[in-house]
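Peer 1: So here's start.cif, just mmCIF, C-alpha atoms:
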```
data_model
#
loop_
_atom_site.label_atom_id
_atom_site.label_comp_id
_atom_site.auth_asym_id
_atom_site.auth_seq_id
_atom_site.Cartn_x
_atom_site.Cartn_y
_atom_site.Cartn_z
CA MET F 1 0.00 0.00 0.00
CA THR F 2 1.46 3.31 -1.13
CA THR F 3 0.26 6.76 -0.07
CA LYS F 4 1.37 9.93 -1.79
CA HIS F 5 0.27 13.48 -0.98
CA ILE F 6 0.20 16.15 -3.63
CA ASP F 7 -0.18 19.91 -3.11
CA HIS F 8 -1.91 22.21 -5.56
CA ALA F 9 -2.02 25.98 -5.47
CA VAL F 10 -5.27 26.27 -7.46
CA PRO F 11 -8.36 26.12 -5.21
CA LEU F 12 -10.38 23.32 -6.81
CA ILE F 13 -12.58 20.58 -5.37
CA ARG F 14 -10.29 18.61 -3.05
CA ALA F 15 -10.24 14.87 -3.77
CA VAL F 16 -8.67 11.56 -2.78
CA VAL F 17 -8.16 8.86 -5.44
CA ILE F 18 -8.27 5.19 -4.39
CA HIS F 19 -7.47 2.24 -6.63
CA PRO F 20 -8.76 -1.13 -5.34
CA ASP F 21 -6.09 -3.61 -6.46
CA GLY F 22 -7.02 -7.20 -7.28
CA ARG F 23 -10.46 -6.43 -8.70
CA SER F 24 -9.57 -6.52 -12.40
CA ASP F 25 -8.25 -9.23 -14.71
CA SER F 26 -6.15 -6.64 -16.51
CA PRO F 27 -2.40 -7.39 -16.60
CA ARG F 28 -1.63 -3.70 -16.02
CA LEU F 29 0.32 -2.72 -12.93
CA ALA F 30 -1.65 -1.26 -10.03
CA GLU F 31 0.63 1.80 -10.05
CA GLU F 32 -0.17 2.44 -13.72
CA ARG F 33 -3.90 2.09 -13.10
CA LEU F 34 -3.71 4.46 -10.13
CA GLU F 35 -1.81 7.00 -12.24
CA GLU F 36 -4.52 6.75 -14.90
CA ALA F 37 -7.27 7.25 -12.30
CA VAL F 38 -5.48 10.36 -11.04
CA GLY F 39 -5.28 11.58 -14.64
CA LEU F 40 -9.02 11.07 -15.03
CA ALA F 41 -9.67 12.99 -11.82
CA ARG F 42 -7.51 15.89 -12.98
CA ALA F 43 -9.25 15.83 -16.34
CA LEU F 44 -12.36 16.64 -14.30
CA ASP F 45 -10.49 19.53 -12.64
CA LEU F 46 -10.28 17.83 -9.24
CA ASP F 47 -7.50 18.83 -6.84
CA VAL F 48 -5.99 15.43 -5.99
CA ARG F 49 -4.69 15.75 -2.43
CA ALA F 50 -3.89 12.07 -1.86
CA GLU F 51 -3.79 8.84 -3.85
CA GLU F 52 -3.64 5.29 -2.57
CA ILE F 53 -3.60 1.67 -3.73
CA VAL F 54 -5.70 -0.62 -1.54
CA ARG F 55 -5.44 -4.39 -1.87
CA VAL F 56 -8.90 -6.02 -1.92
CA ARG F 57 -8.70 -9.73 -1.09
CA LYS F 58 -12.39 -10.19 -0.36
CA VAL F 59 -15.17 -7.88 -1.48
CA ALA F 60 -17.46 -6.54 1.24
CA PRO F 61 -20.92 -6.35 -0.39
CA ALA F 62 -21.92 -3.27 1.62
CA THR F 63 -18.77 -1.14 1.21
CA LEU F 64 -16.35 -3.00 -1.14
CA PHE F 65 -13.57 -2.58 1.46
CA GLY F 66 -13.52 -4.22 4.88
CA SER F 67 -14.76 -2.18 7.84
CA GLY F 68 -11.25 -1.60 9.20
CA LYS F 69 -10.01 -0.32 5.86
CA VAL F 70 -13.08 1.93 5.51
CA ASP F 71 -12.21 3.54 8.88
CA GLU F 72 -8.55 3.88 7.89
CA LEU F 73 -9.49 5.56 4.63
CA ALA F 74 -11.91 7.86 6.50
CA ALA F 75 -8.91 9.19 8.44
CA LEU F 76 -7.04 9.77 5.16
CA VAL F 77 -10.05 11.63 3.73
CA ARG F 78 -10.24 13.87 6.81
CA ALA F 79 -6.49 14.53 6.76
CA ALA F 80 -6.69 15.58 3.10
CA GLU F 81 -9.79 17.70 3.84
CA ALA F 82 -11.31 15.99 0.80
CA GLU F 83 -14.70 16.96 -0.54
CA ALA F 84 -14.83 13.96 -2.89
CA VAL F 85 -13.35 10.48 -3.13
CA VAL F 86 -12.76 8.76 -6.48
CA VAL F 87 -12.87 4.96 -6.26
CA ASP F 88 -11.25 3.52 -9.39
CA ASP F 89 -13.73 0.66 -9.70
CA GLN F 90 -17.39 0.13 -10.44
CA LEU F 91 -19.43 0.49 -7.24
CA THR F 92 -22.94 -0.78 -6.66
CA PRO F 93 -25.50 1.87 -5.62
CA VAL F 94 -25.47 0.45 -2.07
CA GLN F 95 -21.67 0.54 -1.82
CA GLN F 96 -21.56 4.10 -3.09
CA ARG F 97 -24.20 5.28 -0.61
CA ASN F 98 -22.59 3.52 2.37
CA LEU F 99 -19.13 4.90 1.57
CA GLU F 100 -20.55 8.42 1.31
CA LYS F 101 -22.02 8.03 4.79
CA ALA F 102 -18.80 6.56 6.22
CA TRP F 103 -16.53 9.23 4.72
CA ASP F 104 -19.01 12.13 4.88
CA CYS F 105 -18.28 13.29 1.34
CA LYS F 106 -19.20 12.66 -2.27
CA VAL F 107 -18.02 9.30 -3.69
CA ILE F 108 -17.53 8.89 -7.44
CA ASP F 109 -16.82 5.50 -9.01
CA ARG F 110 -14.90 4.92 -12.26
CA THR F 111 -18.00 4.80 -14.44
CA GLY F 112 -19.41 8.01 -12.97
CA LEU F 113 -16.06 9.76 -13.39
CA ILE F 114 -15.74 8.84 -17.07
CA LEU F 115 -19.36 9.78 -17.75
CA GLU F 116 -18.79 13.18 -16.13
CA ILE F 117 -15.71 13.79 -18.29
CA PHE F 118 -17.60 12.77 -21.42
CA GLY F 119 -20.45 15.08 -20.44
CA ARG F 120 -18.08 18.05 -20.25
CA ARG F 121 -16.17 17.29 -23.46
CA ALA F 122 -19.00 16.42 -25.87
CA ARG F 123 -19.45 19.29 -28.32
CA THR F 124 -21.73 18.08 -31.11
CA LYS F 125 -25.43 17.37 -30.71
CA GLU F 126 -24.77 13.68 -31.37
CA GLY F 127 -22.04 13.53 -28.73
CA ARG F 128 -24.28 15.18 -26.14
CA LEU F 129 -27.15 12.79 -26.92
CA GLN F 130 -24.87 9.78 -26.53
CA VAL F 131 -23.44 10.97 -23.23
CA GLU F 132 -26.85 11.83 -21.81
CA LEU F 133 -28.19 8.39 -22.72
CA ALA F 134 -25.23 6.71 -21.01
CA ARG F 135 -25.62 8.89 -17.93
CA LEU F 136 -29.35 8.17 -17.58
CA ASP F 137 -28.75 4.45 -18.00
CA TYR F 138 -26.16 4.67 -15.21
CA GLU F 139 -28.30 6.82 -12.88
CA ARG F 140 -31.44 4.75 -13.30
CA SER F 141 -30.04 2.03 -11.04
CA ARG F 142 -28.96 4.60 -8.40
CA LEU F 143 -32.35 6.00 -7.45
CA VAL F 144 -32.30 4.35 -4.03
CA ARG F 145 -33.42 7.15 -1.71
CA THR F 146 -30.22 9.09 -2.21
CA TRP F 147 -31.73 12.40 -3.26
CA THR F 148 -32.45 15.07 -0.65
CA HIS F 149 -35.95 15.83 -1.94
CA LEU F 150 -37.18 12.26 -1.46
CA GLU F 151 -37.76 12.47 2.29
CA ARG F 152 -40.34 15.20 1.72
CA GLN F 153 -42.56 12.80 -0.21
CA ARG F 154 -45.07 10.35 1.17
CA GLY F 155 -45.16 6.98 -0.49
CA GLY F 156 -48.30 5.53 -2.05
CA THR F 157 -51.73 5.20 -0.46
CA GLY F 158 -51.10 1.97 1.43
CA SER F 159 -49.28 1.41 4.67
CA THR F 160 -46.31 -0.39 3.04
CA GLY F 161 -45.01 2.64 1.17
CA GLY F 162 -42.15 4.44 2.88
CA PRO F 163 -40.99 8.05 2.52
CA GLY F 164 -39.95 8.90 -1.00
CA GLU F 165 -41.27 5.81 -2.70
CA THR F 166 -43.66 7.68 -4.97
CA GLN F 167 -40.99 10.20 -5.97
CA ILE F 168 -38.52 7.44 -6.78
CA GLU F 169 -41.05 5.74 -9.03
CA LEU F 170 -41.82 9.07 -10.70
CA ASP F 171 -38.12 9.77 -11.27
CA ARG F 172 -37.59 6.32 -12.72
CA ARG F 173 -40.51 6.77 -15.10
CA LEU F 174 -39.22 10.17 -16.19
CA ILE F 175 -35.77 8.69 -16.81
CA ALA F 176 -37.28 5.75 -18.73
CA ASP F 177 -39.31 8.15 -20.91
CA ARG F 178 -36.24 10.27 -21.59
CA ILE F 179 -34.18 7.19 -22.51
CA VAL F 180 -36.84 6.12 -25.04
CA LYS F 181 -36.75 9.61 -26.61
CA LEU F 182 -32.93 9.70 -26.72
CA LYS F 183 -32.75 6.27 -28.34
CA ALA F 184 -35.19 7.45 -31.01
CA GLU F 185 -33.05 10.54 -31.68
CA LEU F 186 -29.88 8.44 -31.86
CA GLU F 187 -31.58 6.03 -34.25
CA GLU F 188 -32.20 9.04 -36.50
CA VAL F 189 -28.49 9.88 -36.18
CA ARG F 190 -27.62 6.31 -37.15
CA ARG F 191 -29.95 6.53 -40.16
CA THR F 192 -28.39 9.84 -41.25
CA ARG F 193 -24.90 8.35 -40.91
CA GLY F 194 -26.02 5.47 -43.11
CA LEU F 195 -27.18 7.92 -45.78
CA HIS F 196 -23.85 9.76 -45.57
CA ARG F 197 -21.97 6.48 -45.99
CA LYS F 198 -24.03 5.61 -49.07
CA ALA F 199 -23.31 9.06 -50.49
CA ARG F 200 -19.58 8.54 -49.90
CA GLN F 201 -19.75 5.17 -51.64
CA LYS F 202 -20.94 6.94 -54.79
CA VAL F 203 -17.65 8.84 -54.66
CA PRO F 204 -15.76 5.77 -53.51
CA PHE F 205 -12.89 7.10 -51.44
CA PRO F 206 -11.47 4.50 -49.04
CA THR F 207 -12.02 5.26 -45.34
CA VAL F 208 -9.42 5.03 -42.58
CA ALA F 209 -10.47 5.12 -38.89
CA LEU F 210 -8.10 6.06 -36.08
CA VAL F 211 -8.64 4.16 -32.83
CA GLY F 212 -6.51 3.79 -29.75
CA TYR F 213 -6.21 4.11 -26.01
CA THR F 214 -7.03 7.57 -24.73
CA ASN F 215 -4.01 9.89 -24.84
CA ALA F 216 -2.16 7.67 -27.34
CA GLY F 217 -1.85 10.64 -29.71
CA LYS F 218 -4.68 9.96 -32.19
CA SER F 219 -5.71 13.59 -32.63
CA THR F 220 -2.10 14.75 -33.00
CA LEU F 221 -1.58 12.11 -35.71
CA PHE F 222 -4.90 13.10 -37.32
CA ASN F 223 -3.71 16.72 -37.49
CA ARG F 224 -0.36 15.63 -38.92
CA LEU F 225 -2.00 13.50 -41.64
CA THR F 226 -4.71 15.96 -42.62
CA GLY F 227 -3.27 19.39 -41.86
CA SER F 228 -6.24 20.04 -39.58
CA GLU F 229 -6.33 21.68 -36.18
CA VAL F 230 -8.43 19.26 -34.14
CA PHE F 231 -8.01 19.90 -30.40
CA ALA F 232 -5.08 17.78 -29.23
CA LYS F 233 -3.64 17.93 -25.73
CA ASP F 234 -1.79 15.67 -23.28
CA LEU F 235 -5.06 14.96 -21.51
CA LEU F 236 -7.28 11.92 -21.10
CA PHE F 237 -10.29 12.11 -23.44
CA ALA F 238 -9.18 15.45 -24.91
CA THR F 239 -11.51 14.85 -27.88
CA LEU F 240 -14.77 12.93 -28.04
CA ASP F 241 -16.61 13.83 -31.22
CA THR F 242 -15.72 12.02 -34.43
CA THR F 243 -14.02 14.27 -37.00
CA GLN F 244 -13.51 13.40 -40.67
CA ARG F 245 -11.17 14.90 -43.25
CA THR F 246 -9.97 14.00 -46.75
CA ILE F 247 -6.24 13.39 -47.22
CA ARG F 248 -3.99 12.79 -50.20
CA LEU F 249 -2.00 9.59 -50.22
CA PRO F 250 1.17 9.04 -52.31
CA GLN F 251 0.52 9.32 -56.08
CA GLY F 252 -2.53 11.43 -55.43
CA ARG F 253 -5.13 9.01 -54.22
CA PRO F 254 -7.68 10.57 -51.80
CA ALA F 255 -8.92 8.86 -48.64
CA ILE F 256 -11.23 9.83 -45.79
CA VAL F 257 -9.70 9.73 -42.29
CA ALA F 258 -11.89 9.65 -39.16
CA ASP F 259 -10.62 10.46 -35.66
CA THR F 260 -12.71 8.65 -33.00
CA VAL F 261 -13.18 8.69 -29.23
CA GLY F 262 -10.34 7.20 -27.19
CA PHE F 263 -10.77 3.82 -25.53
CA ILE F 264 -9.87 2.95 -21.95
CA SER F 265 -9.68 -0.18 -19.80
CA ASP F 266 -13.01 -1.15 -18.24
CA LEU F 267 -14.83 1.31 -20.53
CA PRO F 268 -18.36 1.55 -19.10
CA HIS F 269 -20.74 -0.64 -21.09
CA GLU F 270 -23.24 2.23 -21.04
CA LEU F 271 -20.78 4.28 -23.12
CA VAL F 272 -20.03 1.46 -25.57
CA GLU F 273 -23.76 1.08 -26.18
CA SER F 274 -24.43 4.81 -26.41
CA PHE F 275 -21.51 5.48 -28.77
CA ARG F 276 -22.46 2.60 -31.06
CA ALA F 277 -23.64 5.05 -33.74
CA THR F 278 -20.22 6.72 -33.74
CA LEU F 279 -18.31 3.46 -33.51
CA GLU F 280 -20.12 2.16 -36.58
CA GLU F 281 -17.71 4.38 -38.53
CA VAL F 282 -14.94 2.09 -37.28
CA GLY F 283 -16.82 -1.04 -38.37
CA GLU F 284 -17.35 0.41 -41.86
CA ALA F 285 -13.73 1.53 -42.36
CA ASP F 286 -11.57 -0.01 -45.08
CA LEU F 287 -8.57 0.23 -42.74
CA ILE F 288 -8.28 0.75 -38.97
CA LEU F 289 -5.19 2.51 -37.63
CA HIS F 290 -4.64 1.33 -34.06
CA VAL F 291 -2.55 4.14 -32.55
CA ARG F 292 -0.41 3.00 -29.61
CA ASP F 293 1.72 4.96 -27.17
CA ILE F 294 4.74 2.76 -27.71
CA ALA F 295 6.76 4.69 -25.10
CA SER F 296 4.34 3.73 -22.32
CA PRO F 297 5.34 0.74 -20.16
CA ASP F 298 1.64 -0.18 -20.30
CA SER F 299 1.49 -0.20 -24.11
CA ASP F 300 0.82 -3.95 -24.52
CA ALA F 301 -1.91 -4.01 -21.89
CA GLN F 302 -3.52 -0.89 -23.38
CA ALA F 303 -3.49 -2.55 -26.80
CA LYS F 304 -5.39 -5.53 -25.40
CA ASP F 305 -8.00 -3.18 -23.93
CA VAL F 306 -8.48 -1.51 -27.33
CA GLU F 307 -8.76 -4.88 -29.07
CA ALA F 308 -11.42 -5.92 -26.54
CA VAL F 309 -13.55 -2.89 -27.48
CA LEU F 310 -12.98 -3.47 -31.21
CA GLU F 311 -14.38 -6.97 -30.81
CA GLN F 312 -17.66 -5.40 -29.66
CA ILE F 313 -17.97 -3.38 -32.89
CA PRO F 314 -19.52 -5.43 -35.71
CA ALA F 315 -17.60 -5.45 -39.00
CA VAL F 316 -19.26 -5.28 -42.42
CA GLU F 317 -20.54 -8.70 -43.38
CA GLY F 318 -18.28 -10.48 -45.79
CA ARG F 319 -15.36 -8.09 -45.27
CA THR F 320 -12.14 -8.94 -43.45
CA ARG F 321 -11.23 -6.27 -40.90
CA ARG F 322 -7.79 -4.82 -41.62
CA VAL F 323 -5.84 -3.25 -38.75
CA LEU F 324 -2.49 -1.47 -38.96
CA GLU F 325 -0.76 -0.66 -35.68
CA VAL F 326 0.82 2.79 -35.50
CA TRP F 327 3.54 2.85 -32.84
CA ASN F 328 3.44 6.51 -31.84
CA LYS F 329 5.69 8.64 -29.61
CA ILE F 330 9.01 7.10 -30.73
CA ASP F 331 10.49 10.55 -30.02
CA LEU F 332 10.20 9.64 -26.31
CA LEU F 333 12.42 6.57 -26.74
CA ASP F 334 16.20 6.64 -26.80
CA GLY F 335 19.19 4.35 -26.93
CA GLU F 336 18.71 0.60 -27.26
CA ALA F 337 14.94 0.80 -26.65
CA ARG F 338 14.51 3.07 -29.65
CA GLU F 339 16.72 0.95 -31.92
CA ALA F 340 14.93 -2.25 -30.94
CA THR F 341 11.49 -0.72 -31.43
CA LEU F 342 12.35 0.71 -34.85
CA ALA F 343 13.85 -2.61 -36.00
CA GLN F 344 10.81 -4.58 -34.86
CA ALA F 345 8.43 -2.08 -36.47
CA GLU F 346 10.27 -2.27 -39.78
CA ARG F 347 9.98 -6.07 -39.82
CA LEU F 348 6.23 -5.80 -39.15
CA ARG F 349 5.80 -2.99 -41.70
CA THR F 350 6.87 -5.25 -44.54
CA GLN F 351 3.99 -7.52 -43.52
CA GLY F 352 1.52 -4.62 -43.32
CA GLN F 353 1.19 -4.91 -39.54
CA ALA F 354 2.90 -1.91 -37.88
CA VAL F 355 4.61 1.43 -38.56
CA ALA F 356 6.66 3.46 -36.06
CA VAL F 357 6.03 7.23 -36.05
CA SER F 358 6.20 10.38 -34.00
CA ALA F 359 3.04 12.38 -34.64
CA TRP F 360 4.65 15.23 -32.70
CA THR F 361 7.82 15.57 -34.84
CA GLY F 362 6.51 14.00 -38.07
CA GLU F 363 9.11 11.20 -38.10
CA GLY F 364 7.80 8.16 -39.99
CA VAL F 365 4.56 9.83 -41.11
CA GLU F 366 5.39 9.67 -44.84
CA THR F 367 6.19 5.97 -44.45
CA LEU F 368 2.80 5.62 -42.76
CA ARG F 369 1.10 7.30 -45.73
CA GLU F 370 2.80 4.90 -48.13
CA THR F 371 1.81 1.90 -46.03
CA ILE F 372 -1.82 3.08 -45.83
CA ALA F 373 -1.89 3.47 -49.62
CA SER F 374 -0.50 -0.03 -50.16
CA LEU F 375 -3.07 -1.60 -47.81
CA ILE F 376 -6.17 0.09 -49.21
CA ASP F 377 -5.03 0.06 -52.82
CA ASP F 378 -6.97 -3.00 -53.98
CA ASP F 379 -8.88 -1.34 -56.83
CA PRO F 380 -8.25 -2.80 -60.31
CA GLU F 381 -5.69 -1.11 -62.54
CA THR F 382 -6.94 0.40 -65.80
CA GLU F 383 -4.95 1.66 -68.79
CA LEU F 384 -6.32 4.76 -70.53
CA THR F 385 -5.15 6.90 -73.44
CA LEU F 386 -5.98 10.61 -73.36
CA GLU F 387 -5.71 13.13 -76.16
CA PRO F 388 -3.63 16.29 -75.59
CA SER F 389 -6.86 18.30 -75.20
CA GLU F 390 -8.15 16.09 -72.37
CA GLY F 391 -6.32 17.77 -69.52
CA GLU F 392 -9.51 17.97 -67.46
CA ALA F 393 -9.93 14.18 -67.68
CA LEU F 394 -6.32 13.66 -66.56
CA ALA F 395 -6.85 15.99 -63.59
CA TRP F 396 -10.01 14.05 -62.68
CA LEU F 397 -8.06 10.78 -62.62
CA TYR F 398 -5.51 12.27 -60.22
CA GLU F 399 -8.34 13.63 -58.09
CA ASN F 400 -10.34 10.41 -57.84
CA GLY F 401 -7.90 7.55 -58.37
CA ARG F 402 -4.29 6.56 -57.96
CA VAL F 403 -2.12 7.10 -61.02
CA THR F 404 0.56 4.38 -61.06
CA GLY F 405 2.10 5.12 -64.45
CA ARG F 406 2.11 7.90 -67.04
CA GLU F 407 3.83 8.28 -70.42
CA THR F 408 3.44 10.74 -73.30
CA ASP F 409 3.98 9.54 -76.91
CA ASP F 410 5.31 11.48 -79.90
CA ALA F 411 1.78 12.54 -80.86
CA GLY F 412 1.24 14.16 -77.47
CA ARG F 413 -1.21 11.54 -76.23
CA THR F 414 -0.95 10.57 -72.55
CA HIS F 415 -0.99 6.87 -71.65
CA VAL F 416 -2.09 6.46 -68.04
CA LYS F 417 -2.19 3.50 -65.68
CA VAL F 418 -4.61 4.25 -62.87
CA ARG F 419 -6.24 2.34 -60.05
CA LEU F 420 -9.95 3.23 -59.89
CA HIS F 421 -12.91 1.82 -58.03
CA PRO F 422 -15.32 0.30 -60.61
CA ALA F 423 -17.95 2.90 -59.68
CA ALA F 424 -15.43 5.71 -60.23
CA LEU F 425 -14.42 4.22 -63.60
CA GLY F 426 -18.10 4.23 -64.60
CA ARG F 427 -18.39 7.90 -63.67
CA PHE F 428 -15.23 8.70 -65.66
CA GLU F 429 -16.61 7.00 -68.76
CA ARG F 430 -19.96 8.84 -68.45
CA MET F 431 -18.24 12.20 -67.99
CA PHE F 432 -15.45 11.92 -70.57
CA GLY F 433 -16.51 9.11 -72.91
#
```
Output the structure of this file as structure tokens.
Peer 2:
Amino acid sequence: MTTKHIDHAVPLIRAVVIHPDGRSDSPRLAEERLEEAVGLARALDLDVRAEEIVRVRKVAPATLFGSGKVDELAALVRAAEAEAVVVDDQLTPVQQRNLEKAWDCKVIDRTGLILEIFGRRARTKEGRLQVELARLDYERSRLVRTWTHLERQRGGTGSTGGPGETQIELDRRLIADRIVKLKAELEEVRRTRGLHRKARQKVPFPTVALVGYTNAGKSTLFNRLTGSEVFAKDLLFATLDTTQRTIRLPQGRPAIVADTVGFISDLPHELVESFRATLEEVGEADLILHVRDIASPDSDAQAKDVEAVLEQIPAVEGRTRRVLEVWNKIDLLDGEAREATLAQAERLRTQGQAVAVSAWTGEGVETLRETIASLIDDDPETELTLEPSEGEALAWLYENGRVTGRETDDAGRTHVKVRLHPAALGRFERMFG
């Protein structure tokens, strides 16, 4: 058990972060998980006054921790003058309520913490709908006489109803009605996304989806690939809303790149369900770039967490899901570790499995572009001959396909080898004959 006190000058809500060790099957170190929980708390602007790892050998149904440990932690909470305690685990409504009474402060579990962060960061209407649905699904199970207004209500007309019973039932019904409405609105979002995908298929650019553990550098890589300015910061869940841009791959071929929400270990199932409309973009992608923080000692365990979430996203029927790992943040490696990582990445790159980059400095990004092009470039190659006056047709081919060869004969005609999706070739023939 390790205790560490941290001082902050900024007057924020004072908090203690507790990680119950032994509750998860994850191979990640308890210290790494505690550090992540502290990062989540700070992402919510909490002033973390103390952090502690607590070994849980046997779960106490009422409080998670044993009674002696609850008392010991109460002393820590008082010493830190904490107004909130973050428990880095999923608590039952009863456990949360009992711990709040024992510690005389607000208790937030891991799911509640992540939902609160998502609620603050969502910017688009779709993102806000998804977060609200997840939050209501989470809160529905926690209406167990915990609200201050409940004691002012009288329950039912019979003698068995206790204080607040009627209000709880009313709140639950209101939440249930709101959930039905939100699901209907999100279904409309899903339908609209489907129409957008069909529209994109008529102009058949391949799609590339960025996924990865939160803070792996997805948005920084997205900005580097597309020249965009999507918000990117060394912060857990810095971006939530999916952003799409068109990029140019080597030899001119366009592709659509989508930056998605970051994943995290033990991602609340409410969020996976609520963000299904957004995550469908990942399932539809021609190529998935799995961005990894290769400099993190937890990189392998984080990768397994991402793969676990990917397994929950259905792929297009009849299509093999293609994943390319992007080993980011090689600028943070040095010496033998850097050389070994680069050598291993190069071996895997030749098999279309991994590329080492630094999204921050740009190192390896052009190699990544070339690898992306080679993996999504499965359109048939067509040979075309264009007259000297058909410059517009030649420009169209560069705009909508991948020109792999070009020669000009003595008569000024241009002989072009180009990879085009069959639908794009049909459009070319209709437009230019």
Peer 1: Please provide the set of residues having any atom within 8 Å of Pro380 in chain F, restricted to only C-alpha atoms, with same-chain residues fewer than 2 positions apart removed, written as an mmCIF file with C-alpha atoms, in the coordinates of the input.
Peer 2:
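After the write, selection33.cif holds the following:
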```cif
data_model
loop_
_atom_site.group_PDB
_atom_site.id
_atom_site.type_symbol
_atom_site.label_atom_id
_atom_site.label_comp_id
_atom_site.auth_asym_id
_atom_site.auth_seq_id
_atom_site.Cartn_x
_atom_site.Cartn_y
_atom_site.Cartn_z
ATOM 1 C CA ASP F 378 -6.970 -3.000 -53.980
ATOM 2 C CA THR F 382 -6.940 0.400 -65.800
ATOM 3 C CA ARG F 419 -6.240 2.340 -60.050
ATOM 4 C CA LEU F 420 -9.950 3.230 -59.890
ATOM 5 C CA HIS F 421 -12.910 1.820 -58.030
ATOM 6 C CA PRO F 422 -15.320 0.300 -60.610
#
```
Peer 1: Write out, as JSON lines, each residue of range 291-311 of chain F that has an atom at most 9 Å from range 247-266 of chain F, together with the closest pair of atoms and their distance in Å to one decimal, counting all atoms listed in the file, rows going by chain and rising number.
Peer 2:
```
{"residue": "F:Ala301", "atom": "CA", "partner": "F:Ser265", "partner_atom": "CA", "distance": 8.9}
{"residue": "F:Gln302", "atom": "CA", "partner": "F:Ser265", "partner_atom": "CA", "distance": 7.2}
{"residue": "F:Lys304", "atom": "CA", "partner": "F:Ser265", "partner_atom": "CA", "distance": 8.9}
{"residue": "F:Asp305", "atom": "CA", "partner": "F:Ser265", "partner_atom": "CA", "distance": 5.4}
{"residue": "F:Val306", "atom": "CA", "partner": "F:Phe263", "partner_atom": "CA", "distance": 6.1}
{"residue": "F:Val309", "atom": "CA", "partner": "F:Phe263", "partner_atom": "CA", "distance": 7.5}
```
Peer 1: Using only C-alpha atoms, which residues sit within 10 Å of Leu271 in chain F once same-chain residues fewer than 4 positions away are excluded, as a list in words?
Peer 2: Thr111, Ile114, Leu115, Phe118, Gln130, Val131, Glu132, Leu133, Ala134, Arg135, Asp137, Tyr138, Leu267, Phe275 and Arg276 of chain F
Peer 1: What separation in Å, quoted to one decimal, exists between CA of Glu399 in chain F and CA of Thr192 in chain F?
Peer 2: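 One can read the CA of Glu399 in chain F to CA of Thr192 in chain F distance as 26.5 Å.
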Peer 1: Could you list, as a PyMOL selection string, every residue within 6 Å of His19 in chain F, counting all atoms listed in the file and ignoring same-chain residues fewer than 4 positions away?
Peer 2: chain F and resi 34+53+88
Peer 1: Evaluated on this file, the PyMOL selection byres ((chain F and resi 351-363) around 6) picks out some residues - which ones are they, written as number ranges by chain?
Peer 2: F: 220-221, 324-331, 345, 348-350, 364-365
Peer 1: As an exercise, work out the distance from CA of Leu182 in chain F to CA of Glu126 in chain F in Å and give it to one decimal place.
Peer 2: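 CA of Glu126 in chain F lies 10.2 Å from CA of Leu182 in chain F.
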Peer 1: Could you state which residues are captured by the PyMOL selection byres ((chain F and resi 59) around 12) in this file, as a list in words?
Peer 2: Pro20, Asp21, Gly22, Arg23, Val54, Arg55, Val56, Arg57, Lys58, Ala60, Pro61, Ala62, Thr63, Leu64, Phe65, Gly66, Ser67, Lys69, Asp89, Leu91, Thr92 and Gln95 of chain F
Peer 1: Between F:Val70, F:Val77, F:Leu279, F:Ala285, which has the minimum distance to Gly127 in chain F (counting only C-alpha atoms)?
Peer 2: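 Going through F:Val70, F:Val77, F:Leu279, F:Ala285 one by one, the smallest distance to Gly127 in chain F is for F:Leu279.
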Peer 1: Give as JSON, numbers by chain the residues that the PyMOL selection byres ((chain F and resi 315) around 12) matches when applied to the coordinates above.
Peer 2: {"F": [279, 280, 281, 282, 283, 284, 285, 286, 287, 288, 310, 311, 312, 313, 314, 316, 317, 318, 319, 320, 321, 322, 323]}
Peer 1: Please, what distance in Å, to one decimal, runs between CA of Thr404 in chain F and CA of Thr367 in chain F?
Peer 2: 17.6 Å
Peer 1: Would you kindly return, as a list of chain:residue names, each protein, DNA or RNA residue with an atom no farther than 12 Å from any atom of Gly39 in chain F, considering all atoms listed in the file and excluding same-chain residues fewer than 2 positions away?
Peer 2: F:Val17, F:Glu32, F:Arg33, F:Leu34, F:Glu35, F:Glu36, F:Ala37, F:Ala41, F:Arg42, F:Ala43, F:Leu44, F:Asp45, F:Leu46, F:Asp47, F:Val48, F:Glu51, F:Val86, F:Asp88, F:Arg110, F:Leu113, F:Ile114, F:Ile117, F:Thr214, F:Asn215, F:Asp234, F:Leu235, F:Leu236, F:Phe237, F:Ala238
Peer 1: Find the residue from F:Glu116, F:Arg406, F:Asp71, F:Pro388 that sits nearest to Asp104 in chain F; use all atoms listed in the file when measuring.
Peer 2: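 Counting all atoms listed in the file, the residue closest to Asp104 in chain F is F:Asp71.
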Peer 1: Given 3 Å on each side, where is the centre and what are the edge lengths in Å to one decimal of the axis-aligned box enclosing the listed atoms of range 338-341 of chain F, as AutoDock Vina command-line options?
Peer 2:
```
--center_x 14.1 --center_y 0.4 --center_z -30.8 --size_x 11.2 --size_y 11.3 --size_z 8.3
```
Peer 1: Within 8 Å of (-3.5, 6.0, -63.5), all atoms listed in the file: residues as a short mmCIF file (atom, residue, chain, number, x, y, z; two decimals) with C-alpha atoms, in the frame of the given file?
Peer 2:
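Below is the file point.cif, written as the result:
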```cif
data_model
loop_
_atom_site.label_atom_id
_atom_site.label_comp_id
_atom_site.auth_asym_id
_atom_site.auth_seq_id
_atom_site.Cartn_x
_atom_site.Cartn_y
_atom_site.Cartn_z
CA GLU F 381 -5.69 -1.11 -62.54
CA THR F 382 -6.94 0.40 -65.80
CA GLU F 383 -4.95 1.66 -68.79
CA LEU F 384 -6.32 4.76 -70.53
CA LEU F 397 -8.06 10.78 -62.62
CA TYR F 398 -5.51 12.27 -60.22
CA GLY F 401 -7.90 7.55 -58.37
CA ARG F 402 -4.29 6.56 -57.96
CA VAL F 403 -2.12 7.10 -61.02
CA THR F 404 0.56 4.38 -61.06
CA GLY F 405 2.10 5.12 -64.45
CA ARG F 406 2.11 7.90 -67.04
CA VAL F 416 -2.09 6.46 -68.04
CA LYS F 417 -2.19 3.50 -65.68
CA VAL F 418 -4.61 4.25 -62.87
CA ARG F 419 -6.24 2.34 -60.05
CA LEU F 420 -9.95 3.23 -59.89
#
```
